[in-house]
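What follows is the content of my_file_0.txt (compact mmCIF, C-alpha atoms).
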# COMPACT_ATOMS: atom_id res chain seq x y z
CA MET A 1 220.37 47.56 38.88
CA ALA A 2 216.97 45.92 38.24
CA THR A 3 214.95 44.68 41.21
CA LEU A 4 211.91 42.43 41.45
CA SER A 5 209.98 42.14 44.70
CA MET A 6 208.34 38.81 45.42
CA GLY A 7 206.70 38.01 48.74
CA GLY A 8 208.96 40.32 50.73
CA ALA A 9 212.17 39.11 49.04
CA ASP A 10 213.92 41.07 46.31
CA LEU A 11 215.52 39.48 43.28
CA THR A 12 218.21 41.76 41.91
CA CYS A 13 219.80 41.67 38.51
CA SER A 14 223.12 43.36 39.32
CA SER A 15 223.93 44.42 35.77
CA GLY A 16 220.70 46.41 35.56
CA ASN A 17 219.79 44.43 32.46
CA TRP A 18 217.19 41.64 32.63
CA ALA A 19 218.91 40.03 29.64
CA ASP A 20 221.57 38.88 32.14
CA ALA A 21 218.99 37.08 34.33
CA PRO A 22 219.64 33.32 34.55
CA SER A 23 217.36 31.10 32.47
CA GLY A 24 214.17 30.24 34.34
CA THR A 25 214.27 33.32 36.59
CA ILE A 26 210.82 34.75 37.23
CA ILE A 27 210.99 38.32 35.97
CA GLN A 28 207.50 39.44 36.98
CA VAL A 29 204.05 38.18 37.90
CA GLN A 30 200.84 40.16 37.34
CA HIS A 31 197.34 38.99 38.20
CA VAL A 32 193.73 40.03 38.55
CA TYR A 33 191.27 38.37 40.92
CA HIS A 34 187.71 39.46 40.27
CA THR A 35 184.41 38.61 41.90
CA GLN A 36 181.14 40.42 41.86
CA THR A 37 177.54 39.72 42.74
CA ALA A 38 176.08 40.82 39.41
CA GLN A 39 175.67 37.93 36.99
CA VAL A 40 177.31 38.18 33.57
CA THR A 41 175.69 36.05 30.85
CA LYS A 42 177.74 35.06 27.80
CA THR A 43 176.38 33.36 24.71
CA GLY A 44 177.28 32.96 21.05
CA THR A 45 180.44 34.35 19.42
CA ALA A 46 183.46 34.66 21.69
CA SER A 47 183.74 38.04 23.40
CA GLU A 48 185.22 39.58 26.52
CA ILE A 49 183.77 38.21 29.76
CA ASP A 50 184.17 41.42 31.75
CA THR A 51 186.39 44.50 31.32
CA ASP A 52 187.31 44.19 35.02
CA LEU A 53 189.32 41.08 34.06
CA ARG A 54 191.62 43.09 31.78
CA LEU A 55 195.28 42.87 32.73
CA ALA A 56 197.77 45.52 31.55
CA PHE A 57 201.19 43.94 31.03
CA THR A 58 204.57 45.24 29.84
CA PRO A 59 207.22 42.54 29.32
CA ARG A 60 210.70 43.38 30.57
CA MET A 61 212.49 41.14 28.04
CA SER A 62 211.86 40.78 24.32
CA ASN A 63 212.59 37.04 24.25
CA SER A 64 211.12 35.89 27.58
CA LYS A 65 208.51 33.19 28.08
CA LEU A 66 205.03 34.36 29.07
CA TYR A 67 202.94 31.90 31.08
CA PHE A 68 199.19 32.59 31.19
CA THR A 69 196.75 31.11 33.70
CA PHE A 70 192.98 31.62 33.70
CA SER A 71 190.41 30.14 36.04
CA ALA A 72 186.68 30.81 36.33
CA TRP A 73 183.47 29.02 37.17
CA PHE A 74 180.33 29.36 35.11
CA CYS A 75 176.83 28.01 35.42
CA SER A 76 175.36 26.16 32.45
CA PRO A 77 171.69 25.63 31.60
CA ASN A 78 170.36 22.32 30.28
CA SER A 79 172.45 22.15 27.16
CA THR A 80 174.75 19.97 25.08
CA ASN A 81 176.36 23.03 23.52
CA LEU A 82 180.07 23.58 23.17
CA TYR A 83 181.68 26.28 25.32
CA TYR A 84 185.18 27.66 24.62
CA SER A 85 187.57 30.30 25.89
CA TYR A 86 190.89 31.95 25.08
CA ILE A 87 193.07 34.87 26.11
CA TYR A 88 192.87 37.88 23.81
CA ASP A 89 195.43 40.67 23.35
CA VAL A 90 193.20 43.78 23.29
CA THR A 91 196.07 46.11 22.35
CA ASN A 92 197.15 44.16 19.25
CA THR A 93 193.73 42.64 18.43
CA GLU A 94 195.08 39.11 18.32
CA MET A 95 195.19 35.90 20.28
CA PRO A 96 198.64 35.06 21.67
CA GLY A 97 200.00 31.55 21.34
CA GLN A 98 197.53 30.22 18.81
CA PRO A 99 197.38 26.44 18.88
CA PRO A 100 197.04 24.64 15.54
CA ALA A 101 193.57 24.58 13.99
CA ASN A 102 192.09 22.62 11.11
CA GLY A 103 190.62 24.83 8.40
CA SER A 104 188.42 27.64 9.70
CA ARG A 105 187.90 26.23 13.20
CA GLN A 106 188.04 28.64 16.12
CA ARG A 107 191.39 28.55 17.90
CA VAL A 108 190.95 28.23 21.66
CA HIS A 109 192.87 27.53 24.85
CA TRP A 110 189.97 25.67 26.52
CA SER A 111 186.74 23.95 25.47
CA ASN A 112 183.97 21.95 27.13
CA ARG A 113 180.79 20.28 25.95
CA VAL A 114 178.18 19.59 28.59
CA SER A 115 175.40 17.03 28.61
CA PRO A 116 171.73 17.40 29.55
CA ASP A 117 172.59 15.76 32.87
CA ASP A 118 174.53 18.91 33.73
CA ALA A 119 171.48 21.20 33.88
CA ASN A 120 172.16 24.30 35.98
CA ASP A 121 175.46 22.92 37.25
CA PHE A 122 178.71 24.77 37.70
CA HIS A 123 181.58 24.03 35.35
CA SER A 124 185.15 25.26 35.50
CA CYS A 125 186.97 27.06 32.75
CA ASN A 126 190.65 26.56 33.64
CA TYR A 127 193.69 26.68 31.38
CA GLU A 128 197.38 27.49 31.21
CA PHE A 129 199.62 28.05 28.23
CA ALA A 130 203.01 29.54 27.39
CA VAL A 131 204.27 31.66 24.50
CA THR A 132 207.64 33.11 23.56
CA ASN A 133 207.54 36.87 23.83
CA THR A 134 208.86 38.95 20.92
CA ASN A 135 208.97 42.55 22.24
CA THR A 136 208.66 44.80 25.31
CA THR A 137 205.63 46.73 24.12
CA ALA A 138 202.86 47.34 26.67
CA ARG A 139 199.65 45.46 25.98
CA THR A 140 196.41 44.44 27.69
CA TYR A 141 195.09 40.89 27.89
CA THR A 142 191.57 39.70 28.68
CA PRO A 143 189.71 36.36 28.64
CA TYR A 144 187.19 35.75 25.85
CA PHE A 145 184.40 33.18 26.15
CA GLY A 146 181.90 31.86 23.60
CA SER A 147 179.40 29.09 22.97
CA GLU A 148 177.32 27.45 20.28
CA GLY A 149 174.42 29.53 21.53
CA ALA A 150 173.71 28.34 25.06
CA ASN A 151 173.98 30.73 28.00
CA ALA A 152 176.91 30.59 30.41
CA GLU A 153 176.53 32.62 33.59
CA PHE A 154 179.65 33.98 35.29
CA TYR A 155 180.24 35.36 38.81
CA SER A 156 176.78 34.80 40.23
CA SER A 157 173.97 32.42 39.44
CA THR A 158 170.50 31.81 40.82
CA LEU A 159 169.55 29.01 38.44
CA SER A 160 169.33 26.22 40.99
CA SER A 161 168.98 28.11 44.25
CA ALA A 162 166.97 31.05 45.48
CA ALA A 163 170.08 32.21 47.33
CA GLY A 164 172.40 31.69 44.38
CA VAL A 165 176.17 31.49 44.51
CA VAL A 166 179.09 33.79 43.76
CA ALA A 167 182.19 32.46 41.97
CA PRO A 168 185.38 34.49 41.32
CA ALA A 169 187.59 34.58 38.23
CA PHE A 170 191.39 34.75 38.21
CA MET A 171 193.96 35.54 35.52
CA LYS A 172 197.75 35.57 35.91
CA ILE A 173 200.67 36.33 33.60
CA MET A 174 204.17 35.28 34.64
CA GLU A 175 207.26 36.37 32.70
CA VAL A 176 210.28 34.05 32.87
CA ALA A 177 213.80 34.59 31.52
CA PRO A 178 214.57 32.32 28.52

What does the file become when written as structure tokens?
Amino acid sequence: MATLSMGGADLTCSSGNWADAPSGTIIQVQHVYHTQTAQVTKTGTASEIDTDLRLAFTPRMSNSKLYFTFSAWFCSPNSTNLYYSYIYDVTNTEMPGQPPANGSRQRVHWSNRVSPDDANDFHSCNYEFAVTNTNTTARTYTPYFGSEGANAEFYSSTLSSAAGVVAPAFMKIMEVAP
């Protein structure tokens, strides 16, 4: 018998095999909510925002749907540069669910270009996407973030205020029966 606890209620798959779960059944949800007071500055080539945002995940079904959600705020200087982000599979050194790209363009799940009017303002980096899972191997996911060279400041910023602000980041993975 397989059991999933959700908000005090248990979902039980009586056969003990998640393959028998009805289509659309939520199999598991994992998340990380991270906030800190130390500022993290990202610039240039896409790289991991913070190792504390890593999320270890082991799918229970080899053909399930995986739904990813990422949300974070960042502070931008006076720039018209392009910012972009995507989820990265650290274990398999790949990006899951790659959208189509033209030529050698960077594949991303989110992008934003700011204008000079946005000097020292906060921007949100929010995206969701789904992929079809292909195995039950454990892996670790993390958000990557890059720019055309301008700084992006995560978690805490003092650009426009002596007191500064603190902004959390959130990542969730939900596995759903096919």

Once you count all atoms listed in the file, what closest atom pair and distance in Å to one decimal does each residue of segment 87-171 of chain A within 6 Å of segment 27-36 of chain A have, with rows by chain and rising residue number, as CSV?
residue,atom,partner,partner_atom,distance
A:Tyr155,CA,A:Gln36,CA,6.0
A:Pro168,CA,A:Thr35,CA,4.3
A:Ala169,CA,A:His34,CA,5.3
A:Phe170,CA,A:Tyr33,CA,4.5
A:Met171,CA,A:Val32,CA,5.4

Proximity to Phe70 of chain A - best of A:Ser47, A:Asn126, A:Ser147, A:Asn102, all atoms listed in the file: A:Asn126

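For the choices A:Lys172, A:Arg113, A:Arg54, A:Arg60, the atom-to-atom distance to Trp18 of chain A is smallest for A:Arg60 when using all atoms listed in the file.
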
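Separating atom CA of Ser156 of chain A from atom CA of Tyr84 of chain A is a distance of 19.1 Å.
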
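Proximity to Ala150 of chain A was assessed for A:Ile87, A:Cys75, A:Val165, A:Met174 counting only C-alpha atoms; the smallest distance is recorded for A:Cys75.
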
Could you build a table of the residues in segment 55-144 of chain A lying no more than 12 Å from segment 38-42 of chain A, giving for each the nearest pair of atoms and their separation in Å rounded to one decimal place, using all atoms listed in the file, ordered by chain and ascending residue number, as JSON lines?
{"residue": "A:Trp73", "atom": "CA", "partner": "A:Val40", "partner_atom": "CA", "distance": 11.6}
{"residue": "A:Phe74", "atom": "CA", "partner": "A:Thr41", "partner_atom": "CA", "distance": 9.2}
{"residue": "A:Cys75", "atom": "CA", "partner": "A:Thr41", "partner_atom": "CA", "distance": 9.3}
{"residue": "A:Ser76", "atom": "CA", "partner": "A:Thr41", "partner_atom": "CA", "distance": 10.0}
{"residue": "A:Pro77", "atom": "CA", "partner": "A:Thr41", "partner_atom": "CA", "distance": 11.2}
{"residue": "A:Tyr83", "atom": "CA", "partner": "A:Lys42", "partner_atom": "CA", "distance": 9.9}
{"residue": "A:Tyr84", "atom": "CA", "partner": "A:Lys42", "partner_atom": "CA", "distance": 11.0}
{"residue": "A:Ser85", "atom": "CA", "partner": "A:Lys42", "partner_atom": "CA", "distance": 11.1}
{"residue": "A:Tyr144", "atom": "CA", "partner": "A:Lys42", "partner_atom": "CA", "distance": 9.7}

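With only C-alpha atoms as the atoms that count, the residue of A:Phe57, A:Lys65, A:Thr137, A:Thr91 with the shortest distance to Gly24 of chain A is A:Lys65.
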
Top pick for closest residue to Arg107 of chain A, considering A:Gly146, A:Ser62, A:Glu153, A:Thr69 and counting all atoms listed in the file: A:Gly146

Non-local contacts of Pro22 of chain A (10 Å; all atoms listed in the file; under 3 positions in same chain excluded) as a PyMOL selection string: chain A and resi 13+18-19+25-26+176-178

Would you mind completing segment 97-126 of chain A so that it carries N, CA and C atoms, and writing it out as a PDB file, in the coordinates of the input?
ATOM      1  N   GLY A  97     199.763  32.983  21.226  1.00  0.00           N
ATOM      2  CA  GLY A  97     200.000  31.550  21.340  1.00  0.00           C
ATOM      3  C   GLY A  97     198.913  30.702  20.713  1.00  0.00           C
ATOM      4  N   GLN A  98     198.604  30.973  19.448  1.00  0.00           N
ATOM      5  CA  GLN A  98     197.530  30.220  18.810  1.00  0.00           C
ATOM      6  C   GLN A  98     197.920  28.770  18.594  1.00  0.00           C
ATOM      7  N   PRO A  99     197.124  27.855  19.165  1.00  0.00           N
ATOM      8  CA  PRO A  99     197.380  26.440  18.880  1.00  0.00           C
ATOM      9  C   PRO A  99     196.970  26.127  17.439  1.00  0.00           C
ATOM     10  N   PRO A 100     197.419  24.998  16.906  1.00  0.00           N
ATOM     11  CA  PRO A 100     197.040  24.640  15.540  1.00  0.00           C
ATOM     12  C   PRO A 100     195.525  24.463  15.405  1.00  0.00           C
ATOM     13  N   ALA A 101     195.000  24.781  14.264  1.00  0.00           N
ATOM     14  CA  ALA A 101     193.570  24.580  13.990  1.00  0.00           C
ATOM     15  C   ALA A 101     193.428  23.991  12.601  1.00  0.00           C
ATOM     16  N   ASN A 102     192.367  23.234  12.386  1.00  0.00           N
ATOM     17  CA  ASN A 102     192.090  22.620  11.110  1.00  0.00           C
ATOM     18  C   ASN A 102     191.104  23.482  10.344  1.00  0.00           C
ATOM     19  N   GLY A 103     191.517  24.011   9.212  1.00  0.00           N
ATOM     20  CA  GLY A 103     190.620  24.830   8.400  1.00  0.00           C
ATOM     21  C   GLY A 103     190.215  26.115   9.107  1.00  0.00           C
ATOM     22  N   SER A 104     188.910  26.390   9.138  1.00  0.00           N
ATOM     23  CA  SER A 104     188.420  27.640   9.700  1.00  0.00           C
ATOM     24  C   SER A 104     187.977  27.504  11.153  1.00  0.00           C
ATOM     25  N   ARG A 105     188.328  26.420  11.816  1.00  0.00           N
ATOM     26  CA  ARG A 105     187.900  26.230  13.200  1.00  0.00           C
ATOM     27  C   ARG A 105     188.437  27.322  14.110  1.00  0.00           C
ATOM     28  N   GLN A 106     187.647  27.654  15.114  1.00  0.00           N
ATOM     29  CA  GLN A 106     188.040  28.640  16.120  1.00  0.00           C
ATOM     30  C   GLN A 106     189.231  28.117  16.922  1.00  0.00           C
ATOM     31  N   ARG A 107     190.253  28.930  17.063  1.00  0.00           N
ATOM     32  CA  ARG A 107     191.390  28.550  17.900  1.00  0.00           C
ATOM     33  C   ARG A 107     191.068  28.909  19.338  1.00  0.00           C
ATOM     34  N   VAL A 108     191.301  27.995  20.252  1.00  0.00           N
ATOM     35  CA  VAL A 108     190.950  28.230  21.660  1.00  0.00           C
ATOM     36  C   VAL A 108     192.018  27.659  22.578  1.00  0.00           C
ATOM     37  N   HIS A 109     191.997  28.091  23.830  1.00  0.00           N
ATOM     38  CA  HIS A 109     192.870  27.530  24.850  1.00  0.00           C
ATOM     39  C   HIS A 109     192.123  26.532  25.732  1.00  0.00           C
ATOM     40  N   TRP A 110     190.799  26.554  25.685  1.00  0.00           N
ATOM     41  CA  TRP A 110     189.970  25.670  26.520  1.00  0.00           C
ATOM     42  C   TRP A 110     188.638  25.430  25.833  1.00  0.00           C
ATOM     43  N   SER A 111     188.086  24.223  25.969  1.00  0.00           N
ATOM     44  CA  SER A 111     186.740  23.950  25.470  1.00  0.00           C
ATOM     45  C   SER A 111     186.075  22.894  26.341  1.00  0.00           C
ATOM     46  N   ASN A 112     184.747  22.887  26.316  1.00  0.00           N
ATOM     47  CA  ASN A 112     183.970  21.950  27.130  1.00  0.00           C
ATOM     48  C   ASN A 112     182.607  21.769  26.494  1.00  0.00           C
ATOM     49  N   ARG A 113     182.155  20.542  26.399  1.00  0.00           N
ATOM     50  CA  ARG A 113     180.790  20.280  25.950  1.00  0.00           C
ATOM     51  C   ARG A 113     180.073  19.609  27.109  1.00  0.00           C
ATOM     52  N   VAL A 114     178.915  20.144  27.449  1.00  0.00           N
ATOM     53  CA  VAL A 114     178.180  19.590  28.590  1.00  0.00           C
ATOM     54  C   VAL A 114     177.026  18.738  28.099  1.00  0.00           C
ATOM     55  N   SER A 115     176.513  17.901  28.973  1.00  0.00           N
ATOM     56  CA  SER A 115     175.400  17.030  28.610  1.00  0.00           C
ATOM     57  C   SER A 115     174.132  17.486  29.314  1.00  0.00           C
ATOM     58  N   PRO A 116     172.973  17.007  28.890  1.00  0.00           N
ATOM     59  CA  PRO A 116     171.730  17.400  29.550  1.00  0.00           C
ATOM     60  C   PRO A 116     171.703  17.055  31.037  1.00  0.00           C
ATOM     61  N   ASP A 117     172.540  16.097  31.447  1.00  0.00           N
ATOM     62  CA  ASP A 117     172.590  15.760  32.870  1.00  0.00           C
ATOM     63  C   ASP A 117     173.201  16.883  33.701  1.00  0.00           C
ATOM     64  N   ASP A 118     173.827  17.833  33.036  1.00  0.00           N
ATOM     65  CA  ASP A 118     174.530  18.910  33.730  1.00  0.00           C
ATOM     66  C   ASP A 118     173.662  20.168  33.884  1.00  0.00           C
ATOM     67  N   ALA A 119     172.363  20.032  33.811  1.00  0.00           N
ATOM     68  CA  ALA A 119     171.480  21.200  33.880  1.00  0.00           C
ATOM     69  C   ALA A 119     171.745  22.031  35.129  1.00  0.00           C
ATOM     70  N   ASN A 120     171.983  23.316  34.914  1.00  0.00           N
ATOM     71  CA  ASN A 120     172.160  24.300  35.980  1.00  0.00           C
ATOM     72  C   ASN A 120     173.332  23.982  36.917  1.00  0.00           C
ATOM     73  N   ASP A 121     174.286  23.237  36.443  1.00  0.00           N
ATOM     74  CA  ASP A 121     175.460  22.920  37.250  1.00  0.00           C
ATOM     75  C   ASP A 121     176.585  23.902  36.971  1.00  0.00           C
ATOM     76  N   PHE A 122     177.514  23.955  37.921  1.00  0.00           N
ATOM     77  CA  PHE A 122     178.710  24.770  37.700  1.00  0.00           C
ATOM     78  C   PHE A 122     179.755  23.955  36.972  1.00  0.00           C
ATOM     79  N   HIS A 123     180.481  24.618  36.103  1.00  0.00           N
ATOM     80  CA  HIS A 123     181.580  24.030  35.350  1.00  0.00           C
ATOM     81  C   HIS A 123     182.777  24.954  35.530  1.00  0.00           C
ATOM     82  N   SER A 124     183.967  24.407  35.372  1.00  0.00           N
ATOM     83  CA  SER A 124     185.150  25.260  35.500  1.00  0.00           C
ATOM     84  C   SER A 124     185.788  25.468  34.139  1.00  0.00           C
ATOM     85  N   CYS A 125     186.248  26.664  33.955  1.00  0.00           N
ATOM     86  CA  CYS A 125     186.970  27.060  32.750  1.00  0.00           C
ATOM     87  C   CYS A 125     188.387  27.380  33.229  1.00  0.00           C
ATOM     88  N   ASN A 126     189.287  26.414  33.133  1.00  0.00           N
ATOM     89  CA  ASN A 126     190.650  26.560  33.640  1.00  0.00           C
ATOM     90  C   ASN A 126     191.651  26.190  32.555  1.00  0.00           C
TER      91      ASN A 126
END
